[in-house]
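Shown next, in structure tokens, is the structure this report addresses.
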Amino acid sequence: MKRSQELIGMPIISIMDGKEIGKVKNLLVNPASGVVDFLTVHNERWTLGIKVLPFAHVGGLGDYAVMTENESSVIDLSEDTLANELKAKGIQIIDSKVITTAGQLLGTVTEYYVNKENGKIEGYVVEKEGNEPGVLASAFIITIGKE
């Protein structure tokens with residue numbers, strides 16, 4: 001598993017030519033499945049549009065870099081309907097409140113863990129003022145919402 005914040009800023013490297021394509025700027029989470037479906041990619045050379053790397057094209061998530069087969073794995077946001085929808089929804093996991101079905105506030109998400117193989121969110125670090133942080137398994141999450 002990888003902490004979400006470890007991924008931000010990590011270089012994305014093409015396996016085929018060994019060059020850096022860009023850096024991970026953000027994670028696009030699918031709230032319906034609880035999976036990181038795309039990594040948004042930052043590269044100072046690109047001036048137009050937002051580029052994304054589908055998690056399905058991530059060949060490896062190491063301590064140093066995100067590996068993908070080649071630069072063509074990175075696509076324009078506008079080329080993928082799901083990526084476009086997820087970006088428009090603006091779902092952010094960090095700083096989201098965790099509320100029980102009974103309406104009790106458990107705390108705020110400060111971090112989450114991503115499965116290296118499939119992008120599934122495995123757990124959420126939840127902190128509440130005055131309490132020690134705890135990890136909430138993804139199996140206990142019913143809904144991920146914008147608010």
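Labels used: A, B, ... for chains in the order of the structure tokens, numbers from 1 for residues in each chain, and numbers from 1 for ligands as shown.
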
Per-residue DSSP, chain A, filtered to helix (DSSP H, G or I), as a VMD selection string: chain A and resid 4 to 7 55 to 57 71 to 73 77 to 79 81 to 89 138 to 140

Within region 32-102 of chain A, find each residue whose DSSP state, derived from the backbone, is strand (DSSP E), and express the selection as a list of chain:residue names.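 Output for region 32-102 of chain A, strand (DSSP E) only: A:Val35, A:Val36, A:Asp37, A:Phe38, A:Leu39, A:Thr40, A:Val41, A:His42, A:Lys51, A:Val52, A:Leu53, A:Pro54, A:Val58, A:Gly59, A:Gly60, A:Leu61, A:Val66, A:Met67, A:Thr68, A:Ile75, A:Asp76, A:Lys97, A:Val98, A:Ile99.
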
Spatial neighbours of Ile121 (chain A), 12 Å, only C-alpha atoms, chain gap at least 3 places, as a ChimeraX atom specification: /A:1-4,27-37,93,111-118,124-125,135-141,144

Calculated over only C-alpha atoms, which of the candidates A:Ile94, A:Leu7, A:Leu82, A:Ile75 has the smallest distance to Gly119 (chain A)?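 The closest residue to Gly119 (chain A) is A:Leu7.
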
Nearby residues (only C-alpha atoms) at most 8 Å from region 126-134 of chain A, same-chain spacing under 6 positions excluded, as a list in words: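 Residues near the query, excluding close chain neighbours: Val98, Leu106, Gly107, Thr108, Val109, Thr110 and Glu111 of chain A.
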
In Å, rounded to a single decimal, give me how far CA of Leu39 (chain A) is from CA of Lys97 (chain A). 23.1 Å

Using only C-alpha atoms, which of A:Val74, A:Leu48, A:Ala56, A:Ala102 sits nearest Val24 (chain A)?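 Residue with the minimum atom-to-atom distance to Val24 (chain A): A:Val74.
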
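Nearest residue to Gly60 (chain A), choosing from A:Gly145, A:Ile15, A:Gly22, A:Gly9 and counting only C-alpha atoms: A:Ile15.
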
For Lys25 (chain A), find every residue with an atom within 7 Å (counting only C-alpha atoms), except residues of its own chain fewer than 5 positions away, and show them as a PDB file with all heavy atoms, in the first residue's frame.
ATOM      1  N   ILE A   8       1.866  12.159  -4.493  1.00  0.00           N
ATOM      2  CA  ILE A   8       1.888  13.530  -5.006  1.00  0.00           C
ATOM      3  C   ILE A   8       3.346  13.974  -5.177  1.00  0.00           C
ATOM      4  O   ILE A   8       4.154  13.884  -4.264  1.00  0.00           O
ATOM      5  CB  ILE A   8       1.137  14.502  -4.063  1.00  0.00           C
ATOM      6  CG1 ILE A   8      -0.286  14.015  -3.774  1.00  0.00           C
ATOM      7  CG2 ILE A   8       1.159  15.924  -4.616  1.00  0.00           C
ATOM      8  CD1 ILE A   8      -1.194  13.889  -4.950  1.00  0.00           C
ATOM      9  N   GLY A   9       3.659  14.447  -6.371  1.00  0.00           N
ATOM     10  CA  GLY A   9       5.012  14.916  -6.673  1.00  0.00           C
ATOM     11  C   GLY A   9       5.962  13.828  -7.152  1.00  0.00           C
ATOM     12  O   GLY A   9       7.085  14.117  -7.566  1.00  0.00           O
ATOM     13  N   THR A  40      -3.459  12.677 -12.120  1.00  0.00           N
ATOM     14  CA  THR A  40      -3.251  13.837 -12.984  1.00  0.00           C
ATOM     15  C   THR A  40      -1.745  14.077 -13.053  1.00  0.00           C
ATOM     16  O   THR A  40      -1.014  13.862 -12.096  1.00  0.00           O
ATOM     17  CB  THR A  40      -3.992  15.103 -12.502  1.00  0.00           C
ATOM     18  OG1 THR A  40      -3.560  15.439 -11.196  1.00  0.00           O
ATOM     19  CG2 THR A  40      -5.495  14.894 -12.498  1.00  0.00           C
ATOM     20  N   VAL A  41      -1.290  14.500 -14.236  1.00  0.00           N
ATOM     21  CA  VAL A  41       0.135  14.594 -14.521  1.00  0.00           C
ATOM     22  C   VAL A  41       0.511  16.048 -14.784  1.00  0.00           C
ATOM     23  O   VAL A  41      -0.145  16.731 -15.573  1.00  0.00           O
ATOM     24  CB  VAL A  41       0.503  13.725 -15.745  1.00  0.00           C
ATOM     25  CG1 VAL A  41       1.992  13.795 -16.036  1.00  0.00           C
ATOM     26  CG2 VAL A  41       0.063  12.282 -15.536  1.00  0.00           C
ATOM     27  N   HIS A  42       1.579  16.480 -14.135  1.00  0.00           N
ATOM     28  CA  HIS A  42       2.102  17.829 -14.365  1.00  0.00           C
ATOM     29  C   HIS A  42       3.435  17.716 -15.098  1.00  0.00           C
ATOM     30  O   HIS A  42       4.303  16.931 -14.730  1.00  0.00           O
ATOM     31  CB  HIS A  42       2.311  18.550 -13.031  1.00  0.00           C
ATOM     32  CG  HIS A  42       3.020  19.860 -13.184  1.00  0.00           C
ATOM     33  ND1 HIS A  42       2.410  20.962 -13.721  1.00  0.00           N
ATOM     34  CD2 HIS A  42       4.283  20.224 -12.901  1.00  0.00           C
ATOM     35  CE1 HIS A  42       3.272  21.960 -13.747  1.00  0.00           C
ATOM     36  NE2 HIS A  42       4.418  21.531 -13.255  1.00  0.00           N
TER      37      HIS A  42
END
